[in-house]
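> I'm passing along input-v4.pdb; it holds PDB, C-alpha atoms.
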ATOM      1  CA  MET A   1       9.007  15.608  21.087
ATOM      2  CA  ILE A   2       9.221  14.136  24.597
ATOM      3  CA  SER A   3       9.373  10.372  24.960
ATOM      4  CA  VAL A   4       9.982   8.861  28.405
ATOM      5  CA  HIS A   5      10.571   5.135  28.962
ATOM      6  CA  HIS A   6      10.755   3.583  32.450
ATOM      7  CA  LEU A   7      12.501   6.619  33.941
ATOM      8  CA  SER A   8      13.562   6.358  37.594
ATOM      9  CA  LYS A   9      15.593   8.494  39.977
ATOM     10  CA  ALA A  10      16.878   7.429  43.392
ATOM     11  CA  TYR A  11      18.499   9.581  46.049
ATOM     12  CA  GLY A  12      20.177   7.004  48.238
ATOM     13  CA  THR A  13      17.432   4.615  49.312
ATOM     14  CA  GLN A  14      14.631   7.047  48.407
ATOM     15  CA  LEU A  15      12.988   6.604  45.016
ATOM     16  CA  ALA A  16      11.880  10.066  43.876
ATOM     17  CA  VAL A  17      10.636   8.823  40.488
ATOM     18  CA  GLN A  18       9.649   5.218  39.818
ATOM     19  CA  ASP A  19       9.397   3.633  36.362
ATOM     20  CA  LEU A  20       7.754   6.619  34.688
ATOM     21  CA  SER A  21       6.717   6.342  31.015
ATOM     22  CA  PHE A  22       4.823   8.890  28.911
ATOM     23  CA  SER A  23       5.108  10.973  25.747
ATOM     24  CA  VAL A  24       4.179  14.485  24.631
ATOM     25  CA  LYS A  25       3.653  15.359  20.961
ATOM     26  CA  GLN A  26       4.496  18.573  19.154
ATOM     27  CA  GLY A  27       1.759  21.156  19.683
ATOM     28  CA  GLU A  28       0.519  19.364  22.818
ATOM     29  CA  ILE A  29       0.342  20.907  26.296
ATOM     30  CA  LEU A  30       0.674  18.417  29.143
ATOM     31  CA  GLY A  31      -0.276  19.467  32.666
ATOM     32  CA  PHE A  32       1.985  17.710  35.169
ATOM     33  CA  LEU A  33       0.322  17.286  38.575
ATOM     34  CA  GLY A  34       1.127  15.803  41.931
ATOM     35  CA  PRO A  35       1.284  16.664  45.650
ATOM     36  CA  ASN A  36       4.406  18.292  47.085
ATOM     37  CA  GLY A  37       7.230  15.770  46.956
ATOM     38  CA  ALA A  38       5.561  13.699  44.239
ATOM     39  CA  GLY A  39       8.614  13.823  41.941
ATOM     40  CA  LYS A  40       7.485  16.486  39.443
ATOM     41  CA  SER A  41      10.504  18.778  39.759
ATOM     42  CA  THR A  42      12.896  15.833  39.745
ATOM     43  CA  THR A  43      11.332  14.566  36.517
ATOM     44  CA  MET A  44      11.611  18.007  34.919
ATOM     45  CA  LYS A  45      15.250  18.329  35.963
ATOM     46  CA  MET A  46      15.988  14.966  34.368
ATOM     47  CA  LEU A  47      14.226  15.954  31.131
ATOM     48  CA  THR A  48      16.281  19.138  30.895
ATOM     49  CA  GLY A  49      19.575  17.313  31.474
ATOM     50  CA  PHE A  50      20.349  18.895  34.838
ATOM     51  CA  VAL A  51      19.899  15.713  36.868
ATOM     52  CA  PRO A  52      20.922  12.295  35.511
ATOM     53  CA  PRO A  53      18.388   9.461  35.770
ATOM     54  CA  SER A  54      19.177   6.365  37.816
ATOM     55  CA  SER A  55      17.634   4.180  35.108
ATOM     56  CA  GLY A  56      15.427   4.384  32.060
ATOM     57  CA  GLN A  57      15.572   6.621  29.019
ATOM     58  CA  ALA A  58      14.126   9.909  27.818
ATOM     59  CA  ILE A  59      14.320  11.459  24.358
ATOM     60  CA  VAL A  60      13.667  15.210  24.189
ATOM     61  CA  ALA A  61      13.516  16.954  20.788
ATOM     62  CA  GLY A  62      15.283  13.982  19.237
ATOM     63  CA  HIS A  63      18.154  13.795  21.748
ATOM     64  CA  ASP A  64      18.851  11.378  24.584
ATOM     65  CA  ILE A  65      19.009  13.232  27.918
ATOM     66  CA  ALA A  66      21.841  11.013  29.203
ATOM     67  CA  GLU A  67      23.969  10.909  26.065
ATOM     68  CA  GLU A  68      23.361  14.423  24.678
ATOM     69  CA  PRO A  69      22.418  16.719  27.570
ATOM     70  CA  LEU A  70      23.877  19.846  25.901
ATOM     71  CA  GLU A  71      21.901  19.232  22.716
ATOM     72  CA  VAL A  72      18.774  18.800  24.825
ATOM     73  CA  ARG A  73      19.354  22.159  26.536
ATOM     74  CA  LYS A  74      19.681  23.888  23.154
ATOM     75  CA  LYS A  75      16.205  22.692  22.207
ATOM     76  CA  VAL A  76      14.503  23.225  25.572
ATOM     77  CA  GLY A  77      13.274  26.363  27.318
ATOM     78  CA  TYR A  78      13.241  25.716  31.066
ATOM     79  CA  LEU A  79      11.703  27.673  33.912
ATOM     80  CA  PRO A  80      12.641  25.895  37.167
ATOM     81  CA  GLU A  81      10.553  25.973  40.328
ATOM     82  CA  HIS A  82      13.045  28.275  42.076
ATOM     83  CA  ASN A  83      13.691  30.847  39.377
ATOM     84  CA  PRO A  84      17.473  31.633  39.418
ATOM     85  CA  LEU A  85      18.186  35.219  38.374
ATOM     86  CA  TYR A  86      21.118  37.633  38.649
ATOM     87  CA  LEU A  87      19.534  40.210  40.921
ATOM     88  CA  ASP A  88      22.138  42.922  40.254
ATOM     89  CA  MET A  89      21.506  42.849  36.506
ATOM     90  CA  TYR A  90      18.898  44.952  34.740
ATOM     91  CA  VAL A  91      16.066  43.113  32.989
ATOM     92  CA  LEU A  92      17.197  44.132  29.497
ATOM     93  CA  GLU A  93      20.809  43.355  30.368
ATOM     94  CA  PHE A  94      19.922  39.920  31.741
ATOM     95  CA  LEU A  95      17.875  38.939  28.694
ATOM     96  CA  ASP A  96      20.629  40.106  26.335
ATOM     97  CA  PHE A  97      23.115  38.086  28.417
ATOM     98  CA  SER A  98      20.851  35.004  28.191
ATOM     99  CA  ALA A  99      20.541  35.457  24.421
ATOM    100  CA  ARG A 100      24.343  35.581  24.127
ATOM    101  CA  ILE A 101      24.570  32.286  26.012
ATOM    102  CA  HIS A 102      22.290  30.800  23.364
ATOM    103  CA  GLN A 103      24.672  32.242  20.747
ATOM    104  CA  LEU A 104      22.092  34.415  19.012
ATOM    105  CA  GLY A 105      23.543  36.910  16.536
ATOM    106  CA  ARG A 106      23.447  40.625  17.314
ATOM    107  CA  GLN A 107      20.396  41.505  15.221
ATOM    108  CA  GLU A 108      18.493  38.350  16.170
ATOM    109  CA  ARG A 109      19.378  38.925  19.826
ATOM    110  CA  LYS A 110      17.988  42.440  19.759
ATOM    111  CA  ARG A 111      14.827  41.305  17.970
ATOM    112  CA  ARG A 112      14.136  38.329  20.240
ATOM    113  CA  VAL A 113      14.718  40.299  23.452
ATOM    114  CA  ALA A 114      12.214  42.913  22.281
ATOM    115  CA  GLU A 115       9.714  40.190  21.309
ATOM    116  CA  VAL A 116       9.794  38.314  24.617
ATOM    117  CA  ILE A 117       9.569  41.575  26.588
ATOM    118  CA  GLU A 118       6.403  42.346  24.645
ATOM    119  CA  GLN A 119       5.061  38.795  25.020
ATOM    120  CA  THR A 120       5.502  38.673  28.787
ATOM    121  CA  GLY A 121       4.473  42.254  29.557
ATOM    122  CA  LEU A 122       7.862  43.415  30.839
ATOM    123  CA  GLY A 123       7.961  46.656  28.872
ATOM    124  CA  SER A 124       7.523  48.949  31.860
ATOM    125  CA  GLU A 125      10.092  47.014  33.926
ATOM    126  CA  GLN A 126      12.853  46.383  31.379
ATOM    127  CA  HIS A 127      15.138  49.156  32.649
ATOM    128  CA  LYS A 128      14.914  48.140  36.311
ATOM    129  CA  GLN A 129      17.308  45.957  38.273
ATOM    130  CA  ILE A 130      15.874  42.502  38.816
ATOM    131  CA  ARG A 131      16.184  42.933  42.582
ATOM    132  CA  GLN A 132      13.697  45.835  42.334
ATOM    133  CA  LEU A 133      11.009  43.653  40.760
ATOM    134  CA  SER A 134       8.097  41.972  42.513
ATOM    135  CA  LYS A 135       8.007  38.184  42.618
ATOM    136  CA  GLY A 136       5.491  38.149  39.805
ATOM    137  CA  TYR A 137       7.678  40.230  37.498
ATOM    138  CA  ARG A 138      10.728  38.130  38.368
ATOM    139  CA  GLN A 139       8.709  35.129  37.254
ATOM    140  CA  ARG A 140       8.029  36.882  33.948
ATOM    141  CA  VAL A 141      11.762  37.471  33.497
ATOM    142  CA  GLY A 142      12.360  33.745  34.015
ATOM    143  CA  LEU A 143       9.683  32.884  31.475
ATOM    144  CA  SER A 144      11.179  35.392  29.024
ATOM    145  CA  GLN A 145      14.603  33.755  29.165
ATOM    146  CA  ALA A 146      12.980  30.360  28.613
ATOM    147  CA  LEU A 147      11.367  31.656  25.399
ATOM    148  CA  LEU A 148      14.336  33.645  24.061
ATOM    149  CA  HIS A 149      15.946  31.046  21.789
ATOM    150  CA  GLN A 150      12.595  29.850  20.364
ATOM    151  CA  PRO A 151      12.920  26.348  21.829
ATOM    152  CA  GLU A 152      11.050  23.381  20.420
ATOM    153  CA  VAL A 153      10.139  22.204  23.932
ATOM    154  CA  LEU A 154       9.081  24.265  26.962
ATOM    155  CA  ILE A 155       9.347  22.799  30.459
ATOM    156  CA  LEU A 156       7.770  25.114  33.017
ATOM    157  CA  ASP A 157       7.778  24.300  36.722
ATOM    158  CA  GLU A 158       5.069  26.397  38.427
ATOM    159  CA  PRO A 159       5.183  29.209  35.808
ATOM    160  CA  THR A 160       2.475  31.352  37.460
ATOM    161  CA  THR A 161       3.913  31.323  40.994
ATOM    162  CA  GLY A 162       3.646  34.783  42.532
ATOM    163  CA  LEU A 163       1.478  36.257  39.779
ATOM    164  CA  ASP A 164      -1.722  38.151  40.535
ATOM    165  CA  PRO A 165      -5.020  36.966  38.943
ATOM    166  CA  ASN A 166      -4.700  39.303  35.949
ATOM    167  CA  GLN A 167      -1.105  38.236  35.329
ATOM    168  CA  ILE A 168      -2.094  34.574  35.584
ATOM    169  CA  VAL A 169      -4.659  35.044  32.814
ATOM    170  CA  ASP A 170      -2.032  36.779  30.642
ATOM    171  CA  ILE A 171       0.537  34.004  31.116
ATOM    172  CA  ARG A 172      -2.145  31.362  30.570
ATOM    173  CA  LEU A 173      -3.005  32.932  27.211
ATOM    174  CA  LEU A 174       0.696  33.149  26.350
ATOM    175  CA  ILE A 175       1.237  29.456  27.103
ATOM    176  CA  ARG A 176      -1.759  28.538  24.921
ATOM    177  CA  GLU A 177      -0.436  30.726  22.095
ATOM    178  CA  VAL A 178       3.152  29.440  22.102
ATOM    179  CA  GLY A 179       1.861  25.899  22.605
ATOM    180  CA  LYS A 180       0.391  25.849  19.098
ATOM    181  CA  ASN A 181       3.763  24.933  17.606
ATOM    182  CA  LYS A 182       5.776  23.781  20.608
ATOM    183  CA  THR A 183       5.702  20.895  23.044
ATOM    184  CA  ILE A 184       4.908  22.102  26.566
ATOM    185  CA  LEU A 185       5.178  20.268  29.877
ATOM    186  CA  PHE A 186       4.171  22.403  32.846
ATOM    187  CA  SER A 187       3.297  21.893  36.480
ATOM    188  CA  SER A 188       0.962  23.955  38.643
ATOM    189  CA  HIS A 189      -0.927  23.691  41.908
ATOM    190  CA  ILE A 190      -3.718  25.825  40.426
ATOM    191  CA  LEU A 191      -5.830  22.984  39.071
ATOM    192  CA  SER A 192      -8.383  25.209  37.349
ATOM    193  CA  GLU A 193      -5.474  26.681  35.397
ATOM    194  CA  VAL A 194      -4.235  23.234  34.368
ATOM    195  CA  GLU A 195      -7.751  22.277  33.281
ATOM    196  CA  ALA A 196      -8.057  25.468  31.213
ATOM    197  CA  ILE A 197      -4.695  25.147  29.443
ATOM    198  CA  SER A 198      -3.870  21.459  29.106
ATOM    199  CA  ASP A 199      -4.717  19.046  26.333
ATOM    200  CA  ARG A 200      -3.904  16.219  28.747
ATOM    201  CA  VAL A 201      -2.935  15.777  32.387
ATOM    202  CA  LEU A 202      -0.401  13.476  33.980
ATOM    203  CA  ILE A 203      -0.783  12.851  37.722
ATOM    204  CA  ILE A 204       1.955  11.297  39.841
ATOM    205  CA  ASP A 205       2.349  10.666  43.546
ATOM    206  CA  LYS A 206       5.420   9.364  45.389
ATOM    207  CA  GLY A 207       7.126   9.061  42.009
ATOM    208  CA  VAL A 208       4.479   6.726  40.561
ATOM    209  CA  MET A 209       2.098   7.558  37.721
ATOM    210  CA  LEU A 210      -1.572   7.540  38.740
ATOM    211  CA  ALA A 211      -3.228   8.867  35.575
ATOM    212  CA  ASP A 212      -2.400  10.065  32.068
ATOM    213  CA  ALA A 213      -5.390  11.226  30.005
ATOM    214  CA  PRO A 214      -7.464  14.237  28.959
ATOM    215  CA  VAL A 215      -9.542  15.594  31.841
ATOM    216  CA  GLU A 216     -12.790  14.546  30.154
ATOM    217  CA  GLU A 217     -11.612  10.924  29.957
ATOM    218  CA  LEU A 218     -10.678  11.005  33.652
ATOM    219  CA  ARG A 219     -14.192  12.248  34.431
ATOM    220  CA  LYS A 220     -15.772   9.413  32.448
ATOM    221  CA  ALA A 221     -13.554   6.885  34.202
ATOM    222  CA  SER A 222     -14.658   8.136  37.613
ATOM    223  CA  ALA A 223     -17.441   6.366  39.451
ATOM    224  CA  TYR A 224     -18.997   9.770  40.184
ATOM    225  CA  ALA A 225     -18.585  12.015  37.136
ATOM    226  CA  ASN A 226     -21.469  14.393  37.877
ATOM    227  CA  ILE A 227     -22.358  16.319  41.028
ATOM    228  CA  ILE A 228     -25.822  17.749  41.720
ATOM    229  CA  THR A 229     -26.256  20.287  44.505
ATOM    230  CA  LEU A 230     -29.736  20.532  46.035
ATOM    231  CA  GLU A 231     -30.907  22.913  48.734
ATOM    232  CA  VAL A 232     -34.518  23.046  49.911
ATOM    233  CA  MET A 233     -36.372  25.416  52.201
ATOM    234  CA  ARG A 234     -37.433  23.027  54.962
ATOM    235  CA  PRO A 235     -35.786  20.024  56.696
ATOM    236  CA  GLY A 236     -37.160  16.536  56.283
ATOM    237  CA  LEU A 237     -36.791  15.957  52.536
ATOM    238  CA  ASP A 238     -37.130  12.207  51.884
ATOM    239  CA  LEU A 239     -34.703  10.968  49.191
ATOM    240  CA  ALA A 240     -35.337   7.263  49.851
ATOM    241  CA  SER A 241     -36.938   6.793  46.426
ATOM    242  CA  LEU A 242     -33.538   7.458  44.814
ATOM    243  CA  ALA A 243     -31.747   4.763  46.796
ATOM    244  CA  GLU A 244     -32.369   2.079  44.161
ATOM    245  CA  LEU A 245     -30.533   4.026  41.457
ATOM    246  CA  PRO A 246     -27.117   2.506  40.588
ATOM    247  CA  ASP A 247     -23.869   4.463  41.019
ATOM    248  CA  LEU A 248     -25.463   7.182  43.112
ATOM    249  CA  LEU A 249     -23.961   8.550  46.304
ATOM    250  CA  ILE A 250     -25.952  10.998  48.433
ATOM    251  CA  ASP A 251     -24.135  13.293  50.873
ATOM    252  CA  ARG A 252     -26.169  15.221  53.452
ATOM    253  CA  HIS A 253     -24.367  18.473  54.314
ATOM    254  CA  SER A 254     -27.164  19.784  56.532
ATOM    255  CA  SER A 255     -30.860  19.157  57.120
ATOM    256  CA  THR A 256     -31.680  21.111  53.951
ATOM    257  CA  ARG A 257     -28.595  20.804  51.699
ATOM    258  CA  PHE A 258     -27.470  17.725  49.753
ATOM    259  CA  SER A 259     -24.929  16.623  47.142
ATOM    260  CA  LEU A 260     -25.756  13.757  44.821
ATOM    261  CA  ARG A 261     -22.850  12.190  42.945
ATOM    262  CA  GLY A 262     -23.444   9.772  40.125
ATOM    263  CA  ASN A 263     -22.247   8.519  36.771
ATOM    264  CA  GLY A 264     -25.506   7.439  35.232
ATOM    265  CA  GLU A 265     -26.803   8.779  31.940
ATOM    266  CA  GLU A 266     -30.067  10.005  33.464
ATOM    267  CA  ASP A 267     -30.278  13.685  34.389
ATOM    268  CA  LEU A 268     -31.677  13.531  37.941
ATOM    269  CA  ARG A 269     -32.749  17.164  38.153
ATOM    270  CA  PRO A 270     -36.312  16.611  36.772
ATOM    271  CA  ARG A 271     -36.841  13.750  39.211
ATOM    272  CA  LEU A 272     -35.560  15.872  42.116
ATOM    273  CA  PHE A 273     -37.839  18.721  41.092
ATOM    274  CA  GLU A 274     -40.876  16.440  41.023
ATOM    275  CA  LEU A 275     -39.877  14.890  44.363
ATOM    276  CA  CYS A 276     -39.643  18.321  46.030
ATOM    277  CA  VAL A 277     -42.981  19.393  44.555
ATOM    278  CA  ALA A 278     -44.626  16.172  45.800
ATOM    279  CA  GLN A 279     -43.274  16.810  49.306
ATOM    280  CA  ASN A 280     -44.233  20.505  49.166
ATOM    281  CA  ASN A 281     -40.657  21.596  49.913
ATOM    282  CA  PRO A 282     -39.581  24.611  47.776
ATOM    283  CA  ILE A 283     -36.199  24.411  46.045
ATOM    284  CA  LEU A 284     -33.666  27.121  46.869
ATOM    285  CA  GLU A 285     -30.848  25.728  44.721
ATOM    286  CA  LEU A 286     -30.576  22.959  42.138
ATOM    287  CA  HIS A 287     -27.663  22.682  39.737
ATOM    288  CA  GLN A 288     -25.413  20.061  38.170
ATOM    289  CA  GLU A 289     -21.714  20.292  37.406
ATOM    290  CA  ALA A 290     -19.099  17.960  35.995
ATOM    291  CA  LEU A 291     -16.522  16.490  38.348
ATOM    292  CA  SER A 292     -13.666  18.998  38.626
ATOM    293  CA  LEU A 293     -10.004  18.222  38.138
ATOM    294  CA  GLU A 294      -9.549  19.067  41.818
ATOM    295  CA  ASN A 295     -12.004  16.300  42.794
ATOM    296  CA  ILE A 296     -10.237  13.827  40.490
ATOM    297  CA  PHE A 297      -6.821  14.806  41.844
ATOM    298  CA  ARG A 298      -7.899  14.450  45.474
ATOM    299  CA  THR A 299      -9.548  11.092  44.829
ATOM    300  CA  LEU A 300      -6.472   9.620  43.110
ATOM    301  CA  THR A 301      -3.856  10.955  45.535
ATOM    302  CA  GLN A 302      -5.837  10.237  48.722
ATOM    303  CA  GLN A 303      -6.172   6.604  47.683
ATOM    304  CA  ARG A 304      -2.389   6.336  48.103
ATOM    305  CA  ALA A 305      -2.168   8.290  51.361
TER     306      ALA A 305
END
Now that the file is in, can you turn its structure into structure tokens?

Amino acid sequence: MISVHHLSKAYGTQLAVQDLSFSVKQGEILGFLGPNGAGKSTTMKMLTGFVPPSSGQAIVAGHDIAEEPLEVRKKVGYLPEHNPLYLDMYVLEFLDFSARIHQLGRQERKRRVAEVIEQTGLGSEQHKQIRQLSKGYRQRVGLSQALLHQPEVLILDEPTTGLDPNQIVDIRLLIREVGKNKTILFSSHILSEVEAISDRVLIIDKGVMLADAPVEELRKASAYANIITLEVMRPGLDLASLAELPDLLIDRHSSTRFSLRGNGEEDLRPRLFELCVAQNNPILELHQEALSLENIFRTLTQQRA
């Protein structure tokens, strides 16, 4: 549903996006990540036909973004980073207006407006002016208009900006639900959210792709896929016997607290337990966790800093 080939965008001498290629299938949710200024919003604007590419090609829902931008917009629901709304309009009025733009018939318009209000939890706010809404509810209005015409592709730039934790969970569940039969590309700085929703993540920095894979594959590709946290009661724990193990990095946070990062198949917790018992140093904390998407993101983007 989205197929990008060597897409680039230059503003004068600055390359915002450089030779980007990727694809997103129907029913797939792709998390689009990168630091501020990485080129995410520019890429999304190109895919929705609002900004022309400098070179390369992109096909969205069967249409070329350069040759058929209006056809692309008919098939795409877009929530931009800075959500543009008519503040003097009422929520219900604005959504009806948006449905008219998409040329929905009277009965279908009425039905779809009611459906998206229910989906996005705007029922209690539908008779208010948009200017009276909180930032979180304005974001829901923007998401509602993106869903109105039942697009084949959803492109969402920071869809949970301004939402409280409960609202974020609601929108996360909504994205998962609508993503069952749509193609979704969305960006977020909340990496735990991306990890929870996405089938795959795409990471860019300075317009260049750094990674494109499911999170689990990125973990396996990392030199340090597992992290063990160890805290003991007394200083002086000797970990020298672990030094010969391959692919193991030991960080000492204090005289009694350590992090051990490795990618080996052996679970080191039994060995650490035995080592602490042998040195008569009681364990206060010992647990293992997989490398988080945040760790992966920081590692990849800091390498280019």
> What do you get, as number ranges by chain, if you spell out every residue that the PyMOL selection byres ((chain A and resi 8) around 9) selects here?
A: 6-7, 9-10, 15-20, 43, 53-57, 207
> Selected residues, C-alpha atoms, written as a compact mmCIF listing (two decimals), in the frame of the given file, please.

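The new file part.txt reads:
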# COMPACT_ATOMS: atom_id res chain seq x y z
CA HIS A 6 10.76 3.58 32.45
CA LEU A 7 12.50 6.62 33.94
CA LYS A 9 15.59 8.49 39.98
CA ALA A 10 16.88 7.43 43.39
CA LEU A 15 12.99 6.60 45.02
CA ALA A 16 11.88 10.07 43.88
CA VAL A 17 10.64 8.82 40.49
CA GLN A 18 9.65 5.22 39.82
CA ASP A 19 9.40 3.63 36.36
CA LEU A 20 7.75 6.62 34.69
CA THR A 43 11.33 14.57 36.52
CA PRO A 53 18.39 9.46 35.77
CA SER A 54 19.18 6.36 37.82
CA SER A 55 17.63 4.18 35.11
CA GLY A 56 15.43 4.38 32.06
CA GLN A 57 15.57 6.62 29.02
CA GLY A 207 7.13 9.06 42.01
> I need the residue nearest Val72 (chain A) from this list: A:Ile117, A:Leu104, A:Val153, A:Val194. Use only C-alpha atoms for the distance.
A:Val153
> What separation in Å, quoted to one decimal, exists between CA of Met46 (chain A) and CA of Arg200 (chain A)?
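For CA of Met46 (chain A) relative to CA of Arg200 (chain A), the distance reads 20.7 Å.
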> Run through the PyMOL selection byres ((chain A and resi 120) around 10) on the given coordinates and return the selected residues as a ChimeraX atom specification.
/A:115-119,121-123,137,139-144,147,167,170-171,174
> What is the CA of Leu202 (chain A) to CA of Glu294 (chain A) distance in Å?
13.3 Å
> For the structure shown, which residues end up in the PyMOL selection byres ((chain A and resi 133) around 12)? Put them as a PyMOL selection string, please?
chain A and resi 85-91+122+124-132+134-141+162
> May I have the residues from that selection written out with C-alpha atoms, as a PDB file, in the frame of the given file?

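Contents of the output file part-v1.pdb:
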ATOM      1  CA  LEU A  85      18.186  35.219  38.374  1.00  0.00           C
ATOM      2  CA  TYR A  86      21.118  37.633  38.649  1.00  0.00           C
ATOM      3  CA  LEU A  87      19.534  40.210  40.921  1.00  0.00           C
ATOM      4  CA  ASP A  88      22.138  42.922  40.254  1.00  0.00           C
ATOM      5  CA  MET A  89      21.506  42.849  36.506  1.00  0.00           C
ATOM      6  CA  TYR A  90      18.898  44.952  34.740  1.00  0.00           C
ATOM      7  CA  VAL A  91      16.066  43.113  32.989  1.00  0.00           C
ATOM      8  CA  LEU A 122       7.862  43.415  30.839  1.00  0.00           C
ATOM      9  CA  SER A 124       7.523  48.949  31.860  1.00  0.00           C
ATOM     10  CA  GLU A 125      10.092  47.014  33.926  1.00  0.00           C
ATOM     11  CA  GLN A 126      12.853  46.383  31.379  1.00  0.00           C
ATOM     12  CA  HIS A 127      15.138  49.156  32.649  1.00  0.00           C
ATOM     13  CA  LYS A 128      14.914  48.140  36.311  1.00  0.00           C
ATOM     14  CA  GLN A 129      17.308  45.957  38.273  1.00  0.00           C
ATOM     15  CA  ILE A 130      15.874  42.502  38.816  1.00  0.00           C
ATOM     16  CA  ARG A 131      16.184  42.933  42.582  1.00  0.00           C
ATOM     17  CA  GLN A 132      13.697  45.835  42.334  1.00  0.00           C
ATOM     18  CA  SER A 134       8.097  41.972  42.513  1.00  0.00           C
ATOM     19  CA  LYS A 135       8.007  38.184  42.618  1.00  0.00           C
ATOM     20  CA  GLY A 136       5.491  38.149  39.805  1.00  0.00           C
ATOM     21  CA  TYR A 137       7.678  40.230  37.498  1.00  0.00           C
ATOM     22  CA  ARG A 138      10.728  38.130  38.368  1.00  0.00           C
ATOM     23  CA  GLN A 139       8.709  35.129  37.254  1.00  0.00           C
ATOM     24  CA  ARG A 140       8.029  36.882  33.948  1.00  0.00           C
ATOM     25  CA  VAL A 141      11.762  37.471  33.497  1.00  0.00           C
ATOM     26  CA  GLY A 162       3.646  34.783  42.532  1.00  0.00           C
TER      27      GLY A 162
END
> Report, in Å to a single decimal, how far apart CA of Thr229 (chain A) and CA of Leu242 (chain A) are.
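About the pair CA of Leu242 (chain A) and CA of Thr229 (chain A): they are 14.8 Å apart.
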> Looking at all atoms listed in the file, which of A:Ala66, A:Leu47, A:Val201, A:Gly27 is the one that sits closest to Phe297 (chain A)?
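Selected residue with least distance to Phe297 (chain A): A:Val201.
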> Counting all atoms listed in the file, what is within 8 Å of Gln279 (chain A), bar same-chain residues fewer than 3 positions away, as an NGL selection string?
:A and (237 or 275-276)
> Show me, as an NGL selection string, the residues that have an atom within 9 Å of Leu272 (chain A) when counting all atoms listed in the file, minus same-chain residues fewer than 3 positions from it.
:A and (230 or 239 or 268-269 or 275-277 or 286)
> Please determine, counting all atoms listed in the file, which residue among A:Asn83, A:Gln145, A:Thr301, A:Ser254 has the shortest atom-to-atom distance to Arg109 (chain A).
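Between A:Asn83, A:Gln145, A:Thr301, A:Ser254, the residue approaching Arg109 (chain A) most closely is A:Gln145.
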